[in-house]
Structures are given as C-alpha cells and as structure tokens.
Amino acid sequence: CAAAPTLARELRAAHDFRVDPAALHECSVPTLLLWGGASPEAFEISAKALHRSLGRSTLQQLPGQSHRAMDTAPEMVYALISEFLA
C-alpha cells in the first residue's frame with residue numbers, strides 16, 4: 001500500500017491530538033455533529049462533549065447505525081445533512 005510509510009505517523013498524531021474546549025466555543029460556524037446509535041459509547045460521549053464546546057452546533061443521533069452510516073444508510077445521512085443545510 002502506497003500510504004504504509006505514513007500510517008504510523010498519522011496514527012500517532014491522531015492519538016496525541018487534544019481538543020481545547022475553550023477555543024472551540026469561539027467557533028461561530030454552524031456545525032452538524034452526527035453519531036451512530038449503534039456505535040461504541042465513546043463516540044456518543046465525544047459527540048456530546050464537542051456539542052457542549054462548540055458555540056453553534058446541532059447534535060443528531062443516527063438510530064441503529066454504526067460509525068459507517070454513510071455506507072449503510074446513505075439516505076438517512078443525506079436527509080439529515082440536507083435538512084441542516086436548508
């Protein structure tokens with residue numbers, strides 16, 4: 001795989017990344033946060049923490065879906081994003 005040489009560095013960067021909640025609160029961009037209801041609990045916890053930190057966010061669960069809802073329920077994801085953008 002052509003990306004193999006970069007994988008270790010990218011995984012370290014993702015693992016070491018920390019969010020500053022105070023900095024996020026200053027964000028005024030409307031943001032849609034989605035999480036799959038069948039995803040691991042950590043995903044819900046993270047989505048809710050981001051929602052609390054962001055200044056203008058909408059939080060939406062995708063019932064019965066996992067982290068791959070864009071593949072398993074694209075119509076549901078499309079409808080939620082379209083509604084948010086309208």
# chains A, B, ... in the order shown; residues from 1 in each chain; ligands from 1
call {"tool": "residues_around", "arguments": {"residues": "segment 24-30 of chain A", "least_positions_apart": "6", "cutoff": "8 Å", "atoms": "only C-alpha atoms", "output": "list of chain:residue names"}}
result
A:Ser53, A:Leu54, A:Gly55, A:Arg56, A:Ser57, A:Thr58
call {"tool": "write_last_selection", "arguments": {"atoms": "all heavy atoms", "output": "PDB file, in the first residue's frame"}}
result
ATOM      1  N   SER A  53     -19.013  22.088  23.677  1.00  0.00           N
ATOM      2  CA  SER A  53     -17.908  23.017  23.483  1.00  0.00           C
ATOM      3  C   SER A  53     -18.117  23.989  22.327  1.00  0.00           C
ATOM      4  O   SER A  53     -17.657  25.123  22.388  1.00  0.00           O
ATOM      5  CB  SER A  53     -16.602  22.247  23.240  1.00  0.00           C
ATOM      6  OG  SER A  53     -16.259  21.494  24.371  1.00  0.00           O
ATOM      7  N   LEU A  54     -18.788  23.541  21.296  1.00  0.00           N
ATOM      8  CA  LEU A  54     -18.975  24.386  20.113  1.00  0.00           C
ATOM      9  C   LEU A  54     -20.053  25.428  20.366  1.00  0.00           C
ATOM     10  O   LEU A  54     -21.058  25.161  21.018  1.00  0.00           O
ATOM     11  CB  LEU A  54     -19.349  23.536  18.898  1.00  0.00           C
ATOM     12  CG  LEU A  54     -18.214  22.721  18.306  1.00  0.00           C
ATOM     13  CD1 LEU A  54     -18.747  21.686  17.336  1.00  0.00           C
ATOM     14  CD2 LEU A  54     -17.202  23.625  17.618  1.00  0.00           C
ATOM     15  N   GLY A  55     -19.849  26.604  19.814  1.00  0.00           N
ATOM     16  CA  GLY A  55     -20.798  27.683  20.008  1.00  0.00           C
ATOM     17  C   GLY A  55     -22.128  27.478  19.300  1.00  0.00           C
ATOM     18  O   GLY A  55     -23.179  27.822  19.833  1.00  0.00           O
ATOM     19  N   ARG A  56     -22.108  26.897  18.099  1.00  0.00           N
ATOM     20  CA  ARG A  56     -23.336  26.756  17.310  1.00  0.00           C
ATOM     21  C   ARG A  56     -23.387  25.371  16.663  1.00  0.00           C
ATOM     22  O   ARG A  56     -23.169  25.224  15.476  1.00  0.00           O
ATOM     23  CB  ARG A  56     -23.382  27.821  16.220  1.00  0.00           C
ATOM     24  CG  ARG A  56     -23.477  29.237  16.758  1.00  0.00           C
ATOM     25  CD  ARG A  56     -23.518  30.247  15.655  1.00  0.00           C
ATOM     26  NE  ARG A  56     -24.689  30.035  14.811  1.00  0.00           N
ATOM     27  CZ  ARG A  56     -24.823  30.553  13.608  1.00  0.00           C
ATOM     28  NH1 ARG A  56     -23.880  31.289  13.093  1.00  0.00           N
ATOM     29  NH2 ARG A  56     -25.917  30.320  12.898  1.00  0.00           N
ATOM     30  N   SER A  57     -23.701  24.384  17.453  1.00  0.00           N
ATOM     31  CA  SER A  57     -23.743  23.032  16.903  1.00  0.00           C
ATOM     32  C   SER A  57     -25.121  22.413  17.075  1.00  0.00           C
ATOM     33  O   SER A  57     -25.881  22.774  17.960  1.00  0.00           O
ATOM     34  CB  SER A  57     -22.688  22.140  17.559  1.00  0.00           C
ATOM     35  OG  SER A  57     -22.969  21.947  18.922  1.00  0.00           O
ATOM     36  N   THR A  58     -25.398  21.479  16.179  1.00  0.00           N
ATOM     37  CA  THR A  58     -26.594  20.656  16.236  1.00  0.00           C
ATOM     38  C   THR A  58     -26.119  19.221  16.395  1.00  0.00           C
ATOM     39  O   THR A  58     -25.237  18.775  15.658  1.00  0.00           O
ATOM     40  CB  THR A  58     -27.424  20.807  14.943  1.00  0.00           C
ATOM     41  OG1 THR A  58     -27.798  22.172  14.799  1.00  0.00           O
ATOM     42  CG2 THR A  58     -28.652  19.920  14.967  1.00  0.00           C
TER      43      THR A  58
END
call {"tool": "select_by_dssp", "arguments": {"residues": "chain A", "states": "strand (DSSP E)", "output": "ChimeraX atom specification"}}
result
/A:31-36,57-62
call {"tool": "write_last_selection", "arguments": {"atoms": "C-alpha atoms", "output": "CSV table (one decimal), in the first residue's frame"}}
result
chain,number,residue,atom,x,y,z
A,31,THR,CA,-21.8,22.6,12.8
A,32,LEU,CA,-23.7,19.3,12.5
A,33,LEU,CA,-22.5,16.5,14.7
A,34,LEU,CA,-23.7,13.0,13.8
A,35,TRP,CA,-23.1,9.8,15.7
A,36,GLY,CA,-24.4,6.3,15.1
A,57,SER,CA,-23.7,23.0,16.9
A,58,THR,CA,-26.6,20.7,16.2
A,59,LEU,CA,-26.3,17.1,17.6
A,60,GLN,CA,-28.1,14.3,15.9
A,61,GLN,CA,-28.0,10.5,16.5
A,62,LEU,CA,-28.4,8.1,13.7
call {"tool": "residues_around", "arguments": {"residues": "segment 66-70 of chain A", "least_positions_apart": "6", "cutoff": "10 Å", "atoms": "only C-alpha atoms", "output": "PDB file with N, CA and C atoms, in the first residue's frame"}}
result
ATOM      1  N   LEU A  34     -22.912  14.279  13.988  1.00  0.00           N
ATOM      2  CA  LEU A  34     -23.680  13.042  13.850  1.00  0.00           C
ATOM      3  C   LEU A  34     -22.939  11.915  14.550  1.00  0.00           C
ATOM      4  N   TRP A  35     -23.708  11.023  15.166  1.00  0.00           N
ATOM      5  CA  TRP A  35     -23.095   9.798  15.695  1.00  0.00           C
ATOM      6  C   TRP A  35     -24.100   8.667  15.538  1.00  0.00           C
ATOM      7  N   GLY A  36     -23.583   7.487  15.277  1.00  0.00           N
ATOM      8  CA  GLY A  36     -24.425   6.316  15.105  1.00  0.00           C
ATOM      9  C   GLY A  36     -24.859   5.743  16.437  1.00  0.00           C
ATOM     10  N   GLY A  37     -26.145   5.504  16.580  1.00  0.00           N
ATOM     11  CA  GLY A  37     -26.670   4.964  17.825  1.00  0.00           C
ATOM     12  C   GLY A  37     -26.134   3.583  18.165  1.00  0.00           C
ATOM     13  N   ALA A  38     -25.645   2.852  17.151  1.00  0.00           N
ATOM     14  CA  ALA A  38     -25.077   1.523  17.392  1.00  0.00           C
ATOM     15  C   ALA A  38     -23.550   1.566  17.463  1.00  0.00           C
ATOM     16  N   SER A  39     -22.981   2.764  17.500  1.00  0.00           N
ATOM     17  CA  SER A  39     -21.528   2.919  17.614  1.00  0.00           C
ATOM     18  C   SER A  39     -21.103   2.696  19.063  1.00  0.00           C
ATOM     19  N   PRO A  40     -19.814   2.510  19.295  1.00  0.00           N
ATOM     20  CA  PRO A  40     -19.332   2.396  20.672  1.00  0.00           C
ATOM     21  C   PRO A  40     -19.704   3.647  21.477  1.00  0.00           C
ATOM     22  N   PHE A  43     -18.083   7.141  21.123  1.00  0.00           N
ATOM     23  CA  PHE A  43     -18.444   8.046  20.027  1.00  0.00           C
ATOM     24  C   PHE A  43     -19.540   9.012  20.477  1.00  0.00           C
ATOM     25  N   MET A  76     -30.370   8.255   4.970  1.00  0.00           N
ATOM     26  CA  MET A  76     -30.570   8.875   6.274  1.00  0.00           C
ATOM     27  C   MET A  76     -29.568  10.007   6.480  1.00  0.00           C
ATOM     28  N   VAL A  77     -28.306   9.735   6.177  1.00  0.00           N
ATOM     29  CA  VAL A  77     -27.260  10.742   6.334  1.00  0.00           C
ATOM     30  C   VAL A  77     -27.535  11.923   5.413  1.00  0.00           C
ATOM     31  N   TYR A  78     -27.873  11.642   4.175  1.00  0.00           N
ATOM     32  CA  TYR A  78     -28.170  12.696   3.202  1.00  0.00           C
ATOM     33  C   TYR A  78     -29.334  13.566   3.687  1.00  0.00           C
TER      34      TYR A  78
END
call {"tool": "closest_residue", "arguments": {"among": "A:Pro74, A:Pro21, A:Pro5, A:Gly64", "to": "Leu50 of chain A", "atoms": "only C-alpha atoms"}}
result
A:Pro21
call {"tool": "atom_distance", "arguments": {"atom1": "atom CA of Ala49 of chain A", "atom2": "atom CA of Asp20 of chain A"}}
result
11.2 Å
call {"tool": "atom_distance", "arguments": {"atom1": "atom CA of Gln65 of chain A", "atom2": "atom CA of Glu41 of chain A"}}
result
12.6 Å
